[in-house]
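A.B. asks: The structure is given below, and queries will be raised subsequently.
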Amino acid sequence: QVQVVESGGGLVQAGGSLRLSCVASGRTGRNCAMAWFRQAPGKEREFVGATSWSGDNIMHADSVKARFTISRDNAKTAVYLEMKSLRPEDTAVYYCAAVWTSSTWYVPLKSNEYLYWGQGTQVTVSP
C-alpha cells in the first residue's frame, strides 16, 4: 500500500520562506513522477509544480515561478518544495501527489493523473 506523507508547513510572514517535504513509501521502482498541488479556502485545487522521475523535466505554475523550486531525491522517493518570497495569496493546504508512469521523463500536470495523495500540510502566510 502506497503512502504519501507531507511535512514542513506552518505560519510565516510575507516575504519569508518555507520548505515542504514529501515521501512516498510502500512501492519501489523507477518512473515515479511527483507533484505539488495546493487548495486555498473556497477555491479549487491548483497545480504548483511537478517533476519527472529523472528530474530532467520539471514544471512550475506561472504563479510561483522564480519563487518556488521543486527538487527530488530518488533514493528516498521524496520530493521537496522550496518556497521563497511567500505572499498571503500562497496561503493554502499543500498536497503532494505521486504516480508511477511508463517513462523516466514524463511529468503529469493534471490532478486526475495522479494516483496517490498525501493528507496535505497547511501553509499560512501573514501580511
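Each chain of the C-alpha cells is named A, B, ... in the order shown, its residues numbered from 1; ligands are numbered from 1 in display order.
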Extract, using only C-alpha atoms, all DNA, RNA and protein residues at most 12 Å from Met59 (chain A), discarding same-chain residues fewer than 2 positions from it, and format them as a PyMOL selection string.
C.D. replies: chain A and resi 33-36+47-52+55-57+61-66+68-71+105-110
A.B. asks: Write the residues you've just listed into a file as a compact mmCIF listing (two decimals), in the first residue's frame, and include N, CA, C and O atoms for each of them.
C.D. replies:
# COMPACT_ATOMS: atom_id res chain seq x y z
N ALA A 33 6.65 9.82 -10.94
CA ALA A 33 6.52 11.26 -11.06
C ALA A 33 5.85 11.80 -9.79
O ALA A 33 4.96 11.15 -9.23
N MET A 34 6.28 12.97 -9.35
CA MET A 34 5.73 13.54 -8.13
C MET A 34 5.41 15.01 -8.33
O MET A 34 6.07 15.69 -9.13
N ALA A 35 4.41 15.49 -7.61
CA ALA A 35 3.93 16.85 -7.83
C ALA A 35 3.43 17.48 -6.54
O ALA A 35 3.17 16.79 -5.55
N TRP A 36 3.30 18.79 -6.60
CA TRP A 36 2.68 19.56 -5.53
C TRP A 36 1.46 20.29 -6.11
O TRP A 36 1.53 20.90 -7.19
N PHE A 47 -2.50 23.36 -9.56
CA PHE A 47 -1.15 22.82 -9.79
C PHE A 47 -0.11 23.83 -9.33
O PHE A 47 -0.22 25.03 -9.61
N VAL A 48 0.90 23.34 -8.62
CA VAL A 48 2.03 24.19 -8.19
C VAL A 48 3.28 23.83 -8.98
O VAL A 48 3.95 24.70 -9.54
N GLY A 49 3.60 22.54 -9.04
CA GLY A 49 4.76 22.11 -9.77
C GLY A 49 4.89 20.60 -9.75
O GLY A 49 4.24 19.94 -8.94
N ALA A 50 5.71 20.08 -10.64
CA ALA A 50 5.87 18.63 -10.72
C ALA A 50 7.22 18.29 -11.32
O ALA A 50 7.82 19.10 -12.04
N THR A 51 7.68 17.08 -11.03
CA THR A 51 8.95 16.61 -11.57
C THR A 51 8.83 15.18 -12.05
O THR A 51 8.15 14.36 -11.43
N SER A 52 9.48 14.90 -13.16
CA SER A 52 9.56 13.54 -13.64
C SER A 52 10.51 12.74 -12.76
O SER A 52 11.23 13.30 -11.93
N GLY A 55 14.05 13.83 -13.13
CA GLY A 55 14.41 15.16 -12.66
C GLY A 55 14.78 16.10 -13.79
O GLY A 55 15.05 17.28 -13.56
N ASP A 56 14.80 15.58 -15.01
CA ASP A 56 15.14 16.41 -16.16
C ASP A 56 13.96 17.25 -16.63
O ASP A 56 14.15 18.24 -17.35
N ASN A 57 12.78 16.85 -16.25
CA ASN A 57 11.57 17.53 -16.69
C ASN A 57 10.82 18.04 -15.47
O ASN A 57 10.16 17.28 -14.77
N ALA A 61 4.07 26.18 -11.92
CA ALA A 61 2.98 27.06 -12.32
C ALA A 61 3.52 28.48 -12.48
O ALA A 61 4.46 28.88 -11.79
N ASP A 62 2.93 29.23 -13.39
CA ASP A 62 3.38 30.61 -13.63
C ASP A 62 3.32 31.44 -12.35
O ASP A 62 4.17 32.32 -12.14
N SER A 63 2.34 31.18 -11.51
CA SER A 63 2.16 31.98 -10.30
C SER A 63 3.27 31.80 -9.28
O SER A 63 3.42 32.63 -8.37
N VAL A 64 4.07 30.76 -9.42
CA VAL A 64 5.12 30.50 -8.43
C VAL A 64 6.52 30.47 -9.04
O VAL A 64 7.50 30.33 -8.30
N LYS A 65 6.61 30.60 -10.35
CA LYS A 65 7.92 30.58 -10.99
C LYS A 65 8.82 31.66 -10.39
O LYS A 65 8.38 32.75 -10.09
N ALA A 66 10.08 31.34 -10.25
CA ALA A 66 11.11 32.24 -9.71
C ALA A 66 11.01 32.39 -8.20
O ALA A 66 11.89 33.00 -7.58
N PHE A 68 9.30 29.52 -6.20
CA PHE A 68 9.24 28.15 -5.69
C PHE A 68 10.14 27.26 -6.54
O PHE A 68 10.22 27.42 -7.76
N THR A 69 10.77 26.29 -5.89
CA THR A 69 11.64 25.35 -6.60
C THR A 69 11.36 23.94 -6.14
O THR A 69 11.38 23.66 -4.93
N ILE A 70 11.14 23.05 -7.11
CA ILE A 70 10.94 21.64 -6.81
C ILE A 70 12.25 20.89 -7.02
O ILE A 70 12.96 21.15 -7.99
N SER A 71 12.53 19.96 -6.11
CA SER A 71 13.67 19.07 -6.27
C SER A 71 13.25 17.71 -5.75
O SER A 71 12.21 17.56 -5.12
N TRP A 105 10.87 10.37 -18.01
CA TRP A 105 10.81 11.81 -18.27
C TRP A 105 9.41 12.40 -18.23
O TRP A 105 9.24 13.61 -18.20
N TYR A 106 8.37 11.56 -18.25
CA TYR A 106 7.01 12.07 -18.31
C TYR A 106 6.61 12.71 -16.99
O TYR A 106 6.85 12.15 -15.92
N VAL A 107 6.01 13.91 -17.05
CA VAL A 107 5.56 14.58 -15.85
C VAL A 107 4.11 15.01 -16.03
O VAL A 107 3.81 15.96 -16.75
N PRO A 108 3.19 14.33 -15.37
CA PRO A 108 1.78 14.71 -15.46
C PRO A 108 1.55 16.08 -14.82
O PRO A 108 2.18 16.42 -13.81
N LEU A 109 0.63 16.85 -15.38
CA LEU A 109 0.35 18.19 -14.87
C LEU A 109 -1.04 18.32 -14.27
O LEU A 109 -1.32 19.32 -13.61
N LYS A 110 -1.90 17.35 -14.50
CA LYS A 110 -3.28 17.44 -14.02
C LYS A 110 -3.48 16.55 -12.79
O LYS A 110 -2.92 15.47 -12.69
A.B. asks: What's around Ala98 (chain A) at 8 Å? Count only C-alpha atoms, leave out sequence neighbours fewer than 5 positions away in its own chain, and write the answer as a PyMOL selection string.
C.D. replies: chain A and resi 4+24+32-35+114-117
A.B. asks: Output N, CA, C and O atoms of each residue in that selection to a file, as a short mmCIF file (atom, residue, chain, number, x, y, z; two decimals), in the first residue's frame.
C.D. replies:
data_model
loop_
_atom_site.label_atom_id
_atom_site.label_comp_id
_atom_site.auth_asym_id
_atom_site.auth_seq_id
_atom_site.Cartn_x
_atom_site.Cartn_y
_atom_site.Cartn_z
N VAL A 4 1.75 8.47 1.06
CA VAL A 4 2.40 9.74 0.73
C VAL A 4 2.23 10.66 1.93
O VAL A 4 1.11 10.90 2.38
N ALA A 24 7.11 9.24 -0.50
CA ALA A 24 6.20 8.18 -0.91
C ALA A 24 6.81 6.83 -0.53
O ALA A 24 7.96 6.56 -0.86
N CYS A 32 8.60 7.17 -10.97
CA CYS A 32 7.60 7.76 -10.08
C CYS A 32 7.64 9.28 -10.26
O CYS A 32 8.57 9.95 -9.81
N ALA A 33 6.65 9.82 -10.94
CA ALA A 33 6.52 11.26 -11.06
C ALA A 33 5.85 11.80 -9.79
O ALA A 33 4.96 11.15 -9.23
N MET A 34 6.28 12.97 -9.35
CA MET A 34 5.73 13.54 -8.13
C MET A 34 5.41 15.01 -8.33
O MET A 34 6.07 15.69 -9.13
N ALA A 35 4.41 15.49 -7.61
CA ALA A 35 3.93 16.85 -7.83
C ALA A 35 3.43 17.48 -6.54
O ALA A 35 3.17 16.79 -5.55
N TYR A 114 -2.75 11.80 -11.16
CA TYR A 114 -2.01 11.28 -10.01
C TYR A 114 -2.87 10.32 -9.20
O TYR A 114 -4.04 10.58 -8.95
N LEU A 115 -2.25 9.21 -8.81
CA LEU A 115 -3.00 8.15 -8.15
C LEU A 115 -2.91 8.22 -6.63
O LEU A 115 -3.85 7.84 -5.94
N TYR A 116 -1.77 8.67 -6.13
CA TYR A 116 -1.54 8.64 -4.68
C TYR A 116 -1.38 10.07 -4.16
O TYR A 116 -0.63 10.86 -4.73
N TRP A 117 -2.06 10.34 -3.04
CA TRP A 117 -2.09 11.67 -2.48
C TRP A 117 -1.79 11.65 -0.99
O TRP A 117 -2.19 10.71 -0.28
#
A.B. asks: Just list as an NGL selection string whatever in region 11-109 of chain A DSSP marks as strand (DSSP E).
C.D. replies: :A and (11-13 or 18-25 or 32-39 or 46-51 or 58-60 or 68-73 or 78-83 or 92-100)
A.B. asks: Grab the residues selected above and save them as a CSV table (one decimal), in the first residue's frame with N, CA and C atoms.
C.D. replies:
chain,number,residue,atom,x,y,z
A,11,LEU,N,3.3,28.6,9.7
A,11,LEU,CA,2.9,30.0,9.6
A,11,LEU,C,4.2,30.8,9.4
A,12,VAL,N,4.1,31.7,8.4
A,12,VAL,CA,5.3,32.5,8.1
A,12,VAL,C,4.8,33.9,7.7
A,13,GLN,N,5.6,34.9,7.9
A,13,GLN,CA,5.3,36.3,7.4
A,13,GLN,C,5.5,36.4,6.0
A,18,LEU,N,9.7,28.8,3.3
A,18,LEU,CA,9.4,27.5,3.9
A,18,LEU,C,9.8,26.4,3.0
A,19,ARG,N,10.1,25.3,3.5
A,19,ARG,CA,10.5,24.1,2.7
A,19,ARG,C,9.6,23.0,3.1
A,20,LEU,N,8.8,22.5,2.1
A,20,LEU,CA,8.0,21.3,2.3
A,20,LEU,C,8.7,20.1,1.8
A,21,SER,N,8.4,19.0,2.5
A,21,SER,CA,9.0,17.7,2.1
A,21,SER,C,7.9,16.7,1.9
A,22,CYS,N,8.1,15.7,1.1
A,22,CYS,CA,7.1,14.7,0.8
A,22,CYS,C,7.9,13.4,0.5
A,23,VAL,N,7.4,12.3,1.2
A,23,VAL,CA,8.0,11.0,0.9
A,23,VAL,C,6.9,10.0,0.6
A,24,ALA,N,7.1,9.2,-0.5
A,24,ALA,CA,6.2,8.2,-0.9
A,24,ALA,C,6.8,6.8,-0.5
A,25,SER,N,6.1,6.0,0.2
A,25,SER,CA,6.6,4.7,0.6
A,25,SER,C,5.6,3.6,0.2
A,32,CYS,N,8.6,7.2,-11.0
A,32,CYS,CA,7.6,7.8,-10.1
A,32,CYS,C,7.6,9.3,-10.3
A,33,ALA,N,6.7,9.8,-10.9
A,33,ALA,CA,6.5,11.3,-11.1
A,33,ALA,C,5.9,11.8,-9.8
A,34,MET,N,6.3,13.0,-9.4
A,34,MET,CA,5.7,13.5,-8.1
A,34,MET,C,5.4,15.0,-8.3
A,35,ALA,N,4.4,15.5,-7.6
A,35,ALA,CA,3.9,16.8,-7.8
A,35,ALA,C,3.4,17.5,-6.5
A,36,TRP,N,3.3,18.8,-6.6
A,36,TRP,CA,2.7,19.6,-5.5
A,36,TRP,C,1.5,20.3,-6.1
A,37,PHE,N,0.4,20.2,-5.4
A,37,PHE,CA,-0.8,21.0,-5.7
A,37,PHE,C,-1.2,21.8,-4.4
A,38,ARG,N,-2.1,22.8,-4.5
A,38,ARG,CA,-2.5,23.5,-3.3
A,38,ARG,C,-4.0,23.8,-3.5
A,39,GLN,N,-4.6,24.0,-2.3
A,39,GLN,CA,-6.0,24.4,-2.4
A,39,GLN,C,-6.3,25.4,-1.3
A,46,GLU,N,-5.2,23.6,-7.2
A,46,GLU,CA,-4.4,24.1,-8.4
A,46,GLU,C,-3.0,23.5,-8.4
A,47,PHE,N,-2.5,23.4,-9.6
A,47,PHE,CA,-1.2,22.8,-9.8
A,47,PHE,C,-0.1,23.8,-9.3
A,48,VAL,N,0.9,23.3,-8.6
A,48,VAL,CA,2.0,24.2,-8.2
A,48,VAL,C,3.3,23.8,-9.0
A,49,GLY,N,3.6,22.5,-9.0
A,49,GLY,CA,4.8,22.1,-9.8
A,49,GLY,C,4.9,20.6,-9.7
A,50,ALA,N,5.7,20.1,-10.6
A,50,ALA,CA,5.9,18.6,-10.7
A,50,ALA,C,7.2,18.3,-11.3
A,51,THR,N,7.7,17.1,-11.0
A,51,THR,CA,8.9,16.6,-11.6
A,51,THR,C,8.8,15.2,-12.0
A,58,ILE,N,11.0,19.3,-15.2
A,58,ILE,CA,10.4,19.9,-14.0
A,58,ILE,C,9.5,21.1,-14.5
A,59,MET,N,8.3,21.2,-14.0
A,59,MET,CA,7.4,22.2,-14.4
A,59,MET,C,6.9,23.0,-13.1
A,60,HIS,N,6.8,24.3,-13.3
A,60,HIS,CA,6.2,25.1,-12.2
A,60,HIS,C,5.1,25.9,-12.7
A,68,PHE,N,9.3,29.5,-6.2
A,68,PHE,CA,9.2,28.2,-5.7
A,68,PHE,C,10.1,27.3,-6.5
A,69,THR,N,10.8,26.3,-5.9
A,69,THR,CA,11.6,25.4,-6.6
A,69,THR,C,11.4,23.9,-6.1
A,70,ILE,N,11.1,23.1,-7.1
A,70,ILE,CA,10.9,21.6,-6.8
A,70,ILE,C,12.2,20.9,-7.0
A,71,SER,N,12.5,20.0,-6.1
A,71,SER,CA,13.7,19.1,-6.3
A,71,SER,C,13.3,17.7,-5.8
A,72,ARG,N,14.1,16.7,-6.0
A,72,ARG,CA,13.7,15.4,-5.6
A,72,ARG,C,14.9,14.5,-5.2
A,73,ASP,N,14.7,13.5,-4.5
A,73,ASP,CA,15.7,12.5,-4.1
A,73,ASP,C,15.1,11.2,-4.4
A,78,ALA,N,11.4,10.9,-2.7
A,78,ALA,CA,11.0,12.1,-2.0
A,78,ALA,C,11.0,13.3,-2.9
A,79,VAL,N,10.2,14.3,-2.6
A,79,VAL,CA,10.2,15.5,-3.4
A,79,VAL,C,10.1,16.7,-2.4
A,80,TYR,N,10.7,17.8,-2.8
A,80,TYR,CA,10.7,18.9,-1.9
A,80,TYR,C,10.2,20.1,-2.6
A,81,LEU,N,9.7,21.1,-1.9
A,81,LEU,CA,9.2,22.3,-2.5
A,81,LEU,C,9.8,23.5,-1.6
A,82,GLU,N,10.8,24.1,-2.2
A,82,GLU,CA,11.4,25.3,-1.6
A,82,GLU,C,10.6,26.5,-2.0
A,83,MET,N,10.1,27.2,-1.0
A,83,MET,CA,9.2,28.4,-1.2
A,83,MET,C,9.8,29.6,-0.6
A,92,ALA,N,-2.6,28.2,1.7
A,92,ALA,CA,-3.4,27.1,1.2
A,92,ALA,C,-2.9,25.8,1.9
A,93,VAL,N,-3.7,24.7,1.7
A,93,VAL,CA,-3.2,23.4,2.1
A,93,VAL,C,-2.5,22.9,0.9
A,94,TYR,N,-1.2,22.5,1.1
A,94,TYR,CA,-0.4,22.0,0.0
A,94,TYR,C,-0.4,20.4,0.0
A,95,TYR,N,-0.7,19.9,-1.1
A,95,TYR,CA,-0.8,18.4,-1.2
A,95,TYR,C,0.4,17.9,-2.1
A,96,CYS,N,0.9,16.8,-1.7
A,96,CYS,CA,1.9,16.0,-2.5
A,96,CYS,C,1.2,14.9,-3.2
A,97,ALA,N,1.6,14.6,-4.5
A,97,ALA,CA,0.9,13.5,-5.2
A,97,ALA,C,2.0,12.7,-6.0
A,98,ALA,N,1.7,11.5,-6.2
A,98,ALA,CA,2.7,10.6,-6.9
A,98,ALA,C,2.0,9.6,-7.8
A,99,VAL,N,2.7,9.3,-8.8
A,99,VAL,CA,2.1,8.2,-9.8
A,99,VAL,C,3.3,7.6,-10.5
A,100,TRP,N,3.2,6.3,-10.6
A,100,TRP,CA,4.3,5.5,-11.4
A,100,TRP,C,3.8,5.5,-12.8
A.B. asks: Closest to Asp90 (chain A) among A:Ser54, A:Gln122, A:Gln3, A:Ser111, using only C-alpha atoms?
C.D. replies: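 So, comparing all the options, the nearest one is A:Gln122.
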A.B. asks: Using only C-alpha atoms, can you tell me which of A:Asn31, A:Ser102, A:Ala40, A:Val5 comes closest to Val123 (chain A)?
C.D. replies: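 Using only C-alpha atoms, Val123 (chain A) sits closest to A:Ala40.
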A.B. asks: Excluding Arg87 (chain A) and residues on its chain fewer than 4 positions from it, collect all residues at most 10 Å away from it, counting only C-alpha atoms, and give them as a list in words.
C.D. replies: Val12, Gln13, Ala14, Gly15, Gly16, Ser17, Thr91, Thr124, Val125, Ser126 and Pro127 of chain A
